[in-house]
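Student: Hey, dropping work06.cif in here, mmCIF, C-alpha atoms and all ligand atoms:
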data_start
#
loop_
_atom_site.label_atom_id
_atom_site.label_comp_id
_atom_site.auth_asym_id
_atom_site.auth_seq_id
_atom_site.Cartn_x
_atom_site.Cartn_y
_atom_site.Cartn_z
CA MET A 1 -149.99 -42.94 -69.57
CA PRO A 2 -150.43 -40.37 -66.81
CA LEU A 3 -147.43 -38.11 -66.25
CA GLU A 4 -144.91 -39.63 -63.88
CA ASN A 5 -142.06 -38.23 -61.80
CA MET A 6 -138.37 -38.92 -62.53
CA THR A 7 -137.81 -41.62 -59.89
CA ASP A 8 -138.32 -44.74 -62.00
CA MET A 9 -136.89 -43.41 -65.22
CA LEU A 10 -133.67 -42.19 -63.58
CA ALA A 11 -133.25 -45.35 -61.49
CA LYS A 12 -133.53 -47.47 -64.63
CA ALA A 13 -131.19 -45.15 -66.54
CA SER A 14 -128.58 -45.29 -63.77
CA ALA A 15 -128.78 -49.06 -63.62
CA GLY A 16 -128.65 -49.38 -67.40
CA LYS A 17 -125.88 -46.76 -67.85
CA TYR A 18 -127.87 -44.63 -70.24
CA ALA A 19 -129.43 -41.20 -69.83
CA VAL A 20 -132.94 -39.83 -70.20
CA GLY A 21 -133.08 -36.72 -72.39
CA ALA A 22 -134.68 -33.65 -70.83
CA PHE A 23 -135.79 -31.28 -73.56
CA ASN A 24 -136.88 -27.68 -73.01
CA ILE A 25 -140.14 -27.08 -74.81
CA LEU A 26 -141.39 -23.74 -76.08
CA ASP A 27 -144.98 -24.33 -77.14
CA TYR A 28 -147.42 -27.06 -78.16
CA ASN A 29 -145.58 -27.89 -81.38
CA SER A 30 -142.24 -28.42 -79.68
CA THR A 31 -143.90 -30.46 -76.92
CA LYS A 32 -145.49 -32.66 -79.57
CA ALA A 33 -142.09 -33.06 -81.27
CA VAL A 34 -140.53 -34.21 -77.97
CA VAL A 35 -143.34 -36.69 -77.26
CA THR A 36 -143.38 -38.05 -80.83
CA ALA A 37 -139.58 -38.48 -80.78
CA ALA A 38 -139.89 -40.44 -77.52
CA GLU A 39 -142.64 -42.60 -79.01
CA GLU A 40 -140.74 -43.32 -82.21
CA THR A 41 -137.74 -44.49 -80.18
CA SER A 42 -139.79 -46.17 -77.40
CA SER A 43 -137.97 -44.06 -74.84
CA PRO A 44 -138.83 -42.40 -71.55
CA ILE A 45 -138.60 -38.61 -71.78
CA ILE A 46 -138.50 -35.52 -69.62
CA ILE A 47 -140.36 -32.48 -70.86
CA GLN A 48 -138.78 -29.40 -69.32
CA THR A 49 -140.02 -25.86 -69.06
CA SER A 50 -137.79 -22.94 -68.27
CA THR A 51 -139.29 -20.51 -65.77
CA LYS A 52 -139.58 -18.02 -68.67
CA THR A 53 -141.69 -20.44 -70.71
CA ALA A 54 -143.83 -21.33 -67.68
CA ILE A 55 -144.54 -17.65 -67.06
CA PHE A 56 -145.01 -16.79 -70.76
CA TRP A 57 -147.82 -19.32 -71.37
CA GLY A 58 -149.01 -19.81 -67.81
CA THR A 59 -149.04 -23.13 -66.00
CA SER A 60 -152.62 -24.10 -66.83
CA ALA A 61 -152.09 -23.88 -70.61
CA ILE A 62 -148.86 -25.87 -70.48
CA ILE A 63 -150.22 -28.62 -68.24
CA ALA A 64 -153.25 -28.97 -70.53
CA TRP A 65 -151.24 -29.61 -73.69
CA VAL A 66 -148.63 -31.77 -71.93
CA ARG A 67 -151.31 -33.97 -70.34
CA GLU A 68 -153.20 -34.26 -73.59
CA LEU A 69 -150.07 -35.61 -75.30
CA ALA A 70 -148.74 -37.70 -72.39
CA GLU A 71 -151.96 -39.44 -71.47
CA SER A 72 -152.42 -40.87 -74.95
CA SER A 73 -148.77 -41.89 -75.17
CA PRO A 74 -147.33 -45.33 -74.31
CA VAL A 75 -143.95 -43.96 -73.13
CA PRO A 76 -143.13 -42.69 -69.62
CA ILE A 77 -143.16 -38.89 -69.56
CA ALA A 78 -142.23 -36.47 -66.76
CA LEU A 79 -142.94 -32.75 -66.71
CA HIS A 80 -140.07 -30.92 -65.03
CA LEU A 81 -139.50 -27.27 -64.13
CA ASP A 82 -135.93 -26.30 -65.06
CA HIS A 83 -133.68 -23.90 -63.01
CA CYS A 84 -136.10 -22.17 -60.67
CA LYS A 85 -135.07 -19.78 -57.90
CA ASP A 86 -138.61 -18.80 -57.01
CA LEU A 87 -140.42 -20.92 -54.42
CA ASP A 88 -143.79 -19.45 -55.38
CA LEU A 89 -143.40 -20.56 -58.99
CA ILE A 90 -142.24 -24.00 -57.83
CA ARG A 91 -145.36 -24.27 -55.68
CA GLN A 92 -147.55 -23.06 -58.52
CA CYS A 93 -146.12 -25.65 -60.94
CA ILE A 94 -146.55 -28.45 -58.40
CA GLU A 95 -150.15 -27.43 -57.83
CA ALA A 96 -150.78 -27.26 -61.59
CA GLY A 97 -149.53 -30.82 -62.12
CA TRP A 98 -145.78 -30.71 -62.85
CA THR A 99 -144.30 -34.00 -61.62
CA SER A 100 -140.79 -32.72 -61.02
CA VAL A 101 -139.06 -29.42 -60.19
CA MET A 102 -135.56 -28.01 -59.99
CA ILE A 103 -134.62 -25.66 -57.21
CA ASP A 104 -131.60 -23.64 -58.29
CA ALA A 105 -130.23 -21.86 -55.25
CA SER A 106 -126.67 -22.40 -56.46
CA ALA A 107 -125.87 -18.68 -56.51
CA ARG A 108 -126.41 -18.52 -52.75
CA PRO A 109 -123.86 -19.43 -50.07
CA PHE A 110 -123.60 -23.19 -49.50
CA GLU A 111 -125.64 -23.31 -46.27
CA GLU A 112 -128.47 -21.25 -47.77
CA ASN A 113 -128.52 -23.37 -50.91
CA LEU A 114 -128.71 -26.46 -48.74
CA ALA A 115 -131.54 -25.11 -46.56
CA LEU A 116 -133.62 -23.84 -49.48
CA SER A 117 -133.15 -27.02 -51.51
CA ARG A 118 -134.16 -29.08 -48.47
CA GLN A 119 -137.25 -26.93 -48.04
CA VAL A 120 -138.32 -27.75 -51.61
CA VAL A 121 -137.74 -31.47 -51.05
CA GLU A 122 -139.95 -31.31 -47.95
CA MET A 123 -142.66 -29.51 -49.89
CA ALA A 124 -142.48 -31.84 -52.90
CA ARG A 125 -141.91 -35.29 -51.46
CA PRO A 126 -145.32 -35.84 -49.79
CA ARG A 127 -146.87 -35.15 -53.20
CA ARG A 128 -144.52 -37.56 -54.99
CA ILE A 129 -142.87 -34.75 -56.90
CA THR A 130 -139.18 -35.30 -57.66
CA VAL A 131 -136.63 -32.58 -57.00
CA GLU A 132 -133.39 -31.66 -58.74
CA ALA A 133 -130.95 -29.39 -56.91
CA GLU A 134 -127.76 -27.69 -58.06
CA LEU A 135 -124.36 -27.09 -56.50
CA GLY A 136 -121.55 -24.98 -57.97
CA ALA A 137 -122.09 -22.51 -60.79
CA ILE A 138 -123.12 -23.85 -64.18
CA VAL A 139 -122.09 -20.85 -66.20
CA GLY A 140 -123.45 -19.52 -69.47
CA VAL A 141 -120.93 -19.57 -72.32
CA GLU A 142 -121.56 -15.85 -72.57
CA ASP A 143 -120.02 -15.53 -69.11
CA ASP A 144 -116.65 -16.16 -70.78
CA ILE A 145 -115.09 -18.04 -67.90
CA HIS A 146 -111.38 -18.62 -68.31
CA VAL A 147 -110.04 -22.10 -67.73
CA LYS A 148 -108.14 -20.93 -64.65
CA GLU A 149 -111.29 -19.49 -63.12
CA GLN A 150 -113.32 -22.53 -64.00
CA ASP A 151 -112.26 -24.67 -61.06
CA ALA A 152 -113.72 -22.17 -58.60
CA HIS A 153 -117.16 -22.66 -60.17
CA LEU A 154 -117.13 -26.44 -60.09
CA ALA A 155 -118.94 -28.46 -57.44
CA ASP A 156 -116.65 -29.78 -54.73
CA PRO A 157 -117.06 -33.55 -54.15
CA GLU A 158 -116.83 -33.17 -50.38
CA GLN A 159 -119.55 -30.52 -50.30
CA ALA A 160 -121.58 -32.47 -52.85
CA ALA A 161 -121.63 -35.48 -50.54
CA ARG A 162 -122.85 -33.41 -47.61
CA PHE A 163 -125.35 -31.52 -49.74
CA CYS A 164 -126.93 -34.70 -51.10
CA SER A 165 -127.03 -36.49 -47.75
CA GLU A 166 -128.85 -33.55 -46.13
CA VAL A 167 -131.03 -32.38 -49.01
CA GLU A 168 -131.80 -35.86 -50.41
CA PRO A 169 -132.53 -34.65 -53.96
CA ASP A 170 -133.84 -37.15 -56.50
CA CYS A 171 -131.48 -35.75 -59.07
CA PHE A 172 -128.34 -33.68 -58.56
CA ALA A 173 -126.83 -31.08 -60.89
CA PRO A 174 -123.21 -30.40 -59.94
CA ALA A 175 -121.25 -27.87 -62.00
CA VAL A 176 -118.70 -29.98 -63.85
CA GLY A 177 -117.47 -27.65 -66.57
CA THR A 178 -120.38 -27.60 -69.02
CA ALA A 179 -122.09 -24.30 -69.83
CA HIS A 180 -125.44 -23.07 -71.06
CA GLY A 181 -125.66 -21.69 -74.59
CA VAL A 182 -123.43 -22.36 -77.60
CA TYR A 183 -119.80 -23.33 -76.94
CA LYS A 184 -117.15 -21.23 -78.66
CA GLY A 185 -114.33 -23.72 -78.18
CA GLU A 186 -113.90 -27.17 -76.74
CA PRO A 187 -115.45 -27.24 -73.25
CA LYS A 188 -113.23 -28.56 -70.48
CA ILE A 189 -115.26 -31.19 -68.66
CA ALA A 190 -114.09 -32.23 -65.21
CA TYR A 191 -114.63 -35.97 -65.62
CA ASP A 192 -112.83 -36.72 -62.38
CA ARG A 193 -115.41 -34.62 -60.50
CA ILE A 194 -118.33 -36.38 -62.18
CA ASP A 195 -116.81 -39.69 -61.21
CA GLN A 196 -116.11 -38.68 -57.59
CA ILE A 197 -119.46 -36.94 -57.12
CA ALA A 198 -121.44 -39.86 -58.55
CA ALA A 199 -119.57 -42.30 -56.32
CA ARG A 200 -119.88 -40.20 -53.16
CA THR A 201 -123.51 -39.12 -53.53
CA GLY A 202 -125.13 -42.16 -55.14
CA VAL A 203 -127.68 -39.75 -56.68
CA PRO A 204 -128.46 -39.75 -60.43
CA LEU A 205 -126.67 -36.74 -61.92
CA ALA A 206 -128.07 -34.20 -64.37
CA LEU A 207 -125.78 -32.91 -67.10
CA HIS A 208 -126.62 -29.31 -67.98
CA GLY A 209 -125.41 -27.38 -71.02
CA GLY A 210 -125.77 -30.38 -73.34
CA THR A 211 -126.11 -28.49 -76.62
CA GLY A 212 -122.86 -28.61 -78.59
CA LEU A 213 -121.07 -31.35 -76.64
CA SER A 214 -119.52 -34.04 -78.81
CA ASP A 215 -120.88 -37.58 -78.92
CA GLU A 216 -117.79 -38.79 -77.06
CA VAL A 217 -118.26 -36.25 -74.26
CA PHE A 218 -121.90 -37.28 -73.81
CA LYS A 219 -121.01 -40.96 -73.72
CA LYS A 220 -118.24 -40.47 -71.19
CA CYS A 221 -120.41 -38.30 -68.90
CA ILE A 222 -123.23 -40.84 -69.08
CA SER A 223 -120.89 -43.74 -68.33
CA LEU A 224 -119.71 -41.85 -65.23
CA GLY A 225 -123.19 -41.34 -63.78
CA CYS A 226 -125.12 -38.66 -65.66
CA ALA A 227 -128.62 -40.15 -65.93
CA LYS A 228 -130.38 -36.99 -67.15
CA VAL A 229 -129.10 -34.82 -69.97
CA ASN A 230 -130.56 -31.36 -70.55
CA ILE A 231 -130.98 -30.08 -74.08
CA SER A 232 -132.35 -26.57 -74.50
CA THR A 233 -130.35 -24.39 -76.89
CA GLN A 234 -130.52 -27.00 -79.67
CA LEU A 235 -134.32 -26.80 -79.59
CA LYS A 236 -134.29 -23.01 -79.73
CA TYR A 237 -132.21 -23.19 -82.91
CA ALA A 238 -134.32 -25.92 -84.50
CA PHE A 239 -137.49 -24.04 -83.57
CA ILE A 240 -136.43 -20.93 -85.46
CA ASP A 241 -134.33 -22.51 -88.21
CA GLY A 242 -137.00 -25.09 -89.04
CA PHE A 243 -139.49 -22.29 -89.53
CA VAL A 244 -137.20 -19.93 -91.44
CA ALA A 245 -135.67 -22.58 -93.72
CA TYR A 246 -139.10 -23.73 -94.87
CA HIS A 247 -140.18 -20.21 -95.66
CA ALA A 248 -136.92 -19.47 -97.51
CA ARG A 249 -137.56 -22.51 -99.73
CA ASN A 250 -141.23 -21.61 -100.29
CA ASN A 251 -141.28 -17.86 -100.01
CA THR A 252 -144.46 -17.27 -101.97
CA GLU A 253 -146.47 -19.75 -99.94
CA TYR A 254 -148.33 -18.53 -96.88
CA ASP A 255 -149.68 -21.72 -95.37
CA PRO A 256 -148.84 -21.57 -91.65
CA LEU A 257 -149.64 -25.23 -91.03
CA LYS A 258 -146.98 -26.30 -93.51
CA VAL A 259 -144.42 -24.09 -91.78
CA ILE A 260 -145.42 -25.47 -88.40
CA GLY A 261 -145.12 -28.97 -89.86
CA ALA A 262 -141.60 -28.25 -91.12
CA GLN A 263 -140.63 -26.86 -87.74
CA PHE A 264 -142.01 -29.99 -86.05
CA GLU A 265 -139.94 -32.28 -88.32
CA GLU A 266 -136.77 -30.28 -87.71
CA LEU A 267 -137.29 -30.42 -83.93
CA LYS A 268 -138.17 -34.11 -83.93
CA ARG A 269 -135.16 -35.09 -86.07
CA GLY A 270 -132.68 -33.50 -83.65
CA ILE A 271 -134.43 -34.90 -80.58
CA ILE A 272 -134.40 -38.47 -81.96
CA GLU A 273 -130.70 -38.12 -82.70
CA LYS A 274 -130.02 -37.18 -79.08
CA ILE A 275 -132.26 -39.89 -77.60
CA LYS A 276 -130.38 -42.51 -79.62
CA LEU A 277 -127.04 -41.07 -78.56
CA PHE A 278 -128.02 -41.10 -74.87
CA GLY A 279 -128.98 -44.77 -75.17
CA GLY A 280 -132.51 -44.37 -73.81
CA CYS A 281 -134.16 -46.45 -76.51
CA GLN A 282 -131.88 -49.38 -75.75
CA GLY A 283 -132.63 -49.04 -72.04
CA GLU A 284 -136.35 -49.01 -72.64
CA GLN A 285 -136.18 -52.23 -74.65
CA GLU A 286 -134.38 -53.84 -71.75
CA GLY A 287 -137.27 -52.75 -69.56
ZN ZN B 301 -129.20 -25.90 -66.92
#
Could you write out this file's structure as structure tokens?
Tutor:
Amino acid sequence: MPLENMTDMLAKASAGKYAVGAFNILDYNSTKAVVTAAEETSSPIIIQTSTKTAIFWGTSAIIAWVRELAESSPVPIALHLDHCKDLDLIRQCIEAGWTSVMIDASARPFEENLALSRQVVEMARPRRITVEAELGAIVGVEDDIHVKEQDAHLADPEQAARFCSEVEPDCFAPAVGTAHGVYKGEPKIAYDRIDQIAARTGVPLALHGGTGLSDEVFKKCISLGCAKVNISTQLKYAFIDGFVAYHARNNTEYDPLKVIGAQFEELKRGIIEKIKLFGGCQGEQEG
């Protein structure tokens, strides 16, 4: 099928109380692993690129391999630009064929974040491109935020309501206590905020910092309104470990395609696990 935006898939996920997995790809092999995992579970999927990956390969190479895989696939697939602060890159991705983008102006003061996010919605909407916007600070685990400090970084439900009513994002990423990277201890998720923000905004929420959360945490966040779950770090690990582990087992063999194949299987296995956990395959069967 042609690439689609996130509108339908997130509306269905919200209604069905499941979440669509958004996986950060790194190259053709990881993209193929994401698409194959979606096919094997009959699930919709969001292929995400970080700005780093988009710049590393260039937008025309990425759109070519994503389209090649998506157009011959029976499952709904969106191509989404993750955390982008740069309007020029957002524009470039939209022109290349991305169907969805995230404007991350969350480091700016509230009014500036609101204005910039709205500007992206106005640029994207006439072209049927969906937009995700962020409020609060989704920290990296390396930022070592203490629990006391955490509350200051979380999205405020009152502000979230105003932000969403003025920006009208298709998907909203409020900071709710998750972090990017690998958690050192048990993350403290502000479930009450997810609940209040989902109720007050009515917008499908994106859960960032998914790698390393327990099954129970995922399920609770999804039940409260997270319709998109981002997984990035897990794929970085599988990408490298899948490669290295194969070579460690077969260290006299120098057949790159076998190593690439092992990497693909390792990526796909982890992605399928997450899709099943998020409930997307069940939702797809329900139509
Ligand atoms: Zn994120």
Student: Taking (-134.6, -23.5, -48.4) in the file's coordinates as the center, which residues reach within 12 Å of it, counting only C-alpha atoms, put as a list in words?
Tutor: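 Every residue inside that radius is included here: Lys85, Asp86, Leu87, Ile103, Asp104, Ala105, Ser106, Arg108, Pro109, Phe110, Glu111, Glu112, Asn113, Leu114, Ala115, Leu116, Ser117, Arg118, Gln119, Val120, Val121, Glu122, Met123, Ala133, Glu166 and Val167 of chain A.
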Student: From the list A:Pro256, A:Gly242, A:Gly16, A:Pro126, which residue is nearest Gly270 (chain A) when using all atoms listed in the file?
Tutor: A:Gly242
Student: To one decimal in Å, tell me the separation between CA of Pro187 (chain A) and atom ZN of ligand ZN 301 (chain B).
Tutor: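 Between these atoms lies a distance of 15.2 Å.
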Student: Quick one, how far is CA of Ala78 (chain A) from CA of Ile46 (chain A)?
Tutor: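 If I compute the distance from CA of Ala78 (chain A) to CA of Ile46 (chain A), I get 4.8 Å.
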Student: In Å, with one decimal, what is the gap from CA of Ile77 (chain A) to CA of Asn5 (chain A)?
Tutor: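 Separating CA of Ile77 (chain A) from CA of Asn5 (chain A) is a distance of 7.9 Å.
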Student: For ligand ZN 301 (chain B), collect every residue having any atom at a distance of at most 12 Å from a ligand atom (counting all atoms listed in the file); output as a ChimeraX atom specification.
Tutor: /A:22-24,48-51,81-84,102-104,106,132-141,172-181,206-211,228-233
Student: Per residue of region 200-248 of chain A within 12 Å of region 9-15 of chain A, record the nearest atom pair and its distance in Å to one decimal, counting only C-alpha atoms, with rows in chain order and ascending residue number, as JSON lines.
Tutor:
{"residue": "A:Gly202", "atom": "CA", "partner": "A:Ser14", "partner_atom": "CA", "distance": 9.8}
{"residue": "A:Val203", "atom": "CA", "partner": "A:Ser14", "partner_atom": "CA", "distance": 9.0}
{"residue": "A:Pro204", "atom": "CA", "partner": "A:Ser14", "partner_atom": "CA", "distance": 6.5}
{"residue": "A:Leu205", "atom": "CA", "partner": "A:Ser14", "partner_atom": "CA", "distance": 9.0}
{"residue": "A:Ala206", "atom": "CA", "partner": "A:Leu10", "partner_atom": "CA", "distance": 9.8}
{"residue": "A:Cys221", "atom": "CA", "partner": "A:Ser14", "partner_atom": "CA", "distance": 11.9}
{"residue": "A:Ile222", "atom": "CA", "partner": "A:Ser14", "partner_atom": "CA", "distance": 8.8}
{"residue": "A:Ser223", "atom": "CA", "partner": "A:Ser14", "partner_atom": "CA", "distance": 9.1}
{"residue": "A:Leu224", "atom": "CA", "partner": "A:Ser14", "partner_atom": "CA", "distance": 9.6}
{"residue": "A:Gly225", "atom": "CA", "partner": "A:Ser14", "partner_atom": "CA", "distance": 6.7}
{"residue": "A:Cys226", "atom": "CA", "partner": "A:Ser14", "partner_atom": "CA", "distance": 7.7}
{"residue": "A:Ala227", "atom": "CA", "partner": "A:Ser14", "partner_atom": "CA", "distance": 5.6}
{"residue": "A:Lys228", "atom": "CA", "partner": "A:Leu10", "partner_atom": "CA", "distance": 7.1}
{"residue": "A:Val229", "atom": "CA", "partner": "A:Leu10", "partner_atom": "CA", "distance": 10.8}
Student: Could you pull the residues within 12 Å of region 260-267 of chain A, counting all atoms listed in the file, minus those fewer than 2 positions along the same chain, as a PDB file with C-alpha atoms, in the frame of the given file?
Tutor:
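Resulting contents of out-v5.pdb:
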ATOM      1  CA  PHE A  23    -135.790 -31.280 -73.560  1.00  0.00           C
ATOM      2  CA  ASN A  24    -136.880 -27.680 -73.010  1.00  0.00           C
ATOM      3  CA  ILE A  25    -140.140 -27.080 -74.810  1.00  0.00           C
ATOM      4  CA  LEU A  26    -141.390 -23.740 -76.080  1.00  0.00           C
ATOM      5  CA  ASP A  27    -144.980 -24.330 -77.140  1.00  0.00           C
ATOM      6  CA  TYR A  28    -147.420 -27.060 -78.160  1.00  0.00           C
ATOM      7  CA  ASN A  29    -145.580 -27.890 -81.380  1.00  0.00           C
ATOM      8  CA  SER A  30    -142.240 -28.420 -79.680  1.00  0.00           C
ATOM      9  CA  THR A  31    -143.900 -30.460 -76.920  1.00  0.00           C
ATOM     10  CA  LYS A  32    -145.490 -32.660 -79.570  1.00  0.00           C
ATOM     11  CA  ALA A  33    -142.090 -33.060 -81.270  1.00  0.00           C
ATOM     12  CA  VAL A  34    -140.530 -34.210 -77.970  1.00  0.00           C
ATOM     13  CA  VAL A  35    -143.340 -36.690 -77.260  1.00  0.00           C
ATOM     14  CA  THR A  36    -143.380 -38.050 -80.830  1.00  0.00           C
ATOM     15  CA  ALA A  37    -139.580 -38.480 -80.780  1.00  0.00           C
ATOM     16  CA  ILE A 231    -130.980 -30.080 -74.080  1.00  0.00           C
ATOM     17  CA  SER A 232    -132.350 -26.570 -74.500  1.00  0.00           C
ATOM     18  CA  THR A 233    -130.350 -24.390 -76.890  1.00  0.00           C
ATOM     19  CA  GLN A 234    -130.520 -27.000 -79.670  1.00  0.00           C
ATOM     20  CA  LEU A 235    -134.320 -26.800 -79.590  1.00  0.00           C
ATOM     21  CA  LYS A 236    -134.290 -23.010 -79.730  1.00  0.00           C
ATOM     22  CA  TYR A 237    -132.210 -23.190 -82.910  1.00  0.00           C
ATOM     23  CA  ALA A 238    -134.320 -25.920 -84.500  1.00  0.00           C
ATOM     24  CA  PHE A 239    -137.490 -24.040 -83.570  1.00  0.00           C
ATOM     25  CA  ILE A 240    -136.430 -20.930 -85.460  1.00  0.00           C
ATOM     26  CA  ASP A 241    -134.330 -22.510 -88.210  1.00  0.00           C
ATOM     27  CA  GLY A 242    -137.000 -25.090 -89.040  1.00  0.00           C
ATOM     28  CA  PHE A 243    -139.490 -22.290 -89.530  1.00  0.00           C
ATOM     29  CA  VAL A 244    -137.200 -19.930 -91.440  1.00  0.00           C
ATOM     30  CA  ALA A 245    -135.670 -22.580 -93.720  1.00  0.00           C
ATOM     31  CA  TYR A 246    -139.100 -23.730 -94.870  1.00  0.00           C
ATOM     32  CA  HIS A 247    -140.180 -20.210 -95.660  1.00  0.00           C
ATOM     33  CA  ALA A 248    -136.920 -19.470 -97.510  1.00  0.00           C
ATOM     34  CA  ARG A 249    -137.560 -22.510 -99.730  1.00  0.00           C
ATOM     35  CA  ASN A 250    -141.230 -21.610-100.290  1.00  0.00           C
ATOM     36  CA  TYR A 254    -148.330 -18.530 -96.880  1.00  0.00           C
ATOM     37  CA  ASP A 255    -149.680 -21.720 -95.370  1.00  0.00           C
ATOM     38  CA  PRO A 256    -148.840 -21.570 -91.650  1.00  0.00           C
ATOM     39  CA  LEU A 257    -149.640 -25.230 -91.030  1.00  0.00           C
ATOM     40  CA  LYS A 258    -146.980 -26.300 -93.510  1.00  0.00           C
ATOM     41  CA  ARG A 269    -135.160 -35.090 -86.070  1.00  0.00           C
ATOM     42  CA  GLY A 270    -132.680 -33.500 -83.650  1.00  0.00           C
ATOM     43  CA  ILE A 271    -134.430 -34.900 -80.580  1.00  0.00           C
ATOM     44  CA  ILE A 272    -134.400 -38.470 -81.960  1.00  0.00           C
ATOM     45  CA  GLU A 273    -130.700 -38.120 -82.700  1.00  0.00           C
ATOM     46  CA  LYS A 274    -130.020 -37.180 -79.080  1.00  0.00           C
TER      47      LYS A 274
END
Student: Of the candidates A:Asp156, A:Asp192, A:Glu216, A:Asp170, which one gets nearest to Ser100 (chain A) if we count all atoms listed in the file?
Tutor: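 Of A:Asp156, A:Asp192, A:Glu216, A:Asp170, the one nearest Ser100 (chain A) is A:Asp170, counting all atoms listed in the file.
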Student: Between A:Leu3, A:Ala190, A:Phe56, A:Thr41, which has the minimum distance to Gly280 (chain A) (counting only C-alpha atoms)?
Tutor: A:Thr41
Student: With all heavy atoms as the target, complete region 201-207 of chain A and hand it back as a tab-separated table (two decimals), in the frame of the given file.
Tutor:
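rebuild_34.tsv, written as the output of this step:
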chain	number	residue	atom	x	y	z
A	201	THR	N	-122.12	-39.48	-53.82
A	201	THR	CA	-123.51	-39.12	-53.53
A	201	THR	C	-124.48	-40.28	-53.78
A	201	THR	O	-125.50	-40.39	-53.10
A	201	THR	CB	-123.98	-37.92	-54.39
A	201	THR	OG1	-123.96	-38.31	-55.76
A	201	THR	CG2	-123.11	-36.71	-54.18
A	202	GLY	N	-124.20	-41.09	-54.76
A	202	GLY	CA	-125.13	-42.16	-55.14
A	202	GLY	C	-126.43	-41.64	-55.74
A	202	GLY	O	-127.40	-42.39	-55.88
A	203	VAL	N	-126.46	-40.35	-56.11
A	203	VAL	CA	-127.68	-39.75	-56.68
A	203	VAL	C	-127.51	-39.65	-58.20
A	203	VAL	O	-126.42	-39.31	-58.67
A	203	VAL	CB	-127.89	-38.33	-56.07
A	203	VAL	CG1	-129.11	-37.65	-56.68
A	203	VAL	CG2	-128.02	-38.41	-54.55
A	204	PRO	N	-128.57	-39.93	-58.98
A	204	PRO	CA	-128.46	-39.75	-60.43
A	204	PRO	C	-128.10	-38.29	-60.75
A	204	PRO	O	-128.70	-37.38	-60.20
A	204	PRO	CB	-129.86	-40.08	-60.96
A	204	PRO	CG	-130.55	-40.81	-59.86
A	204	PRO	CD	-129.91	-40.37	-58.58
A	205	LEU	N	-127.12	-38.09	-61.61
A	205	LEU	CA	-126.67	-36.74	-61.92
A	205	LEU	C	-127.34	-36.20	-63.17
A	205	LEU	O	-127.67	-36.96	-64.09
A	205	LEU	CB	-125.15	-36.71	-62.11
A	205	LEU	CG	-124.30	-37.25	-60.95
A	205	LEU	CD1	-122.82	-37.08	-61.27
A	205	LEU	CD2	-124.65	-36.55	-59.63
A	206	ALA	N	-127.54	-34.88	-63.18
A	206	ALA	CA	-128.07	-34.20	-64.37
A	206	ALA	C	-126.93	-33.45	-65.03
A	206	ALA	O	-126.17	-32.75	-64.36
A	206	ALA	CB	-129.17	-33.22	-63.98
A	207	LEU	N	-126.80	-33.64	-66.33
A	207	LEU	CA	-125.78	-32.91	-67.10
A	207	LEU	C	-126.46	-31.73	-67.78
A	207	LEU	O	-127.32	-31.91	-68.65
A	207	LEU	CB	-125.16	-33.85	-68.14
A	207	LEU	CG	-123.98	-33.27	-68.93
A	207	LEU	CD1	-122.76	-33.08	-68.04
A	207	LEU	CD2	-123.62	-34.17	-70.11
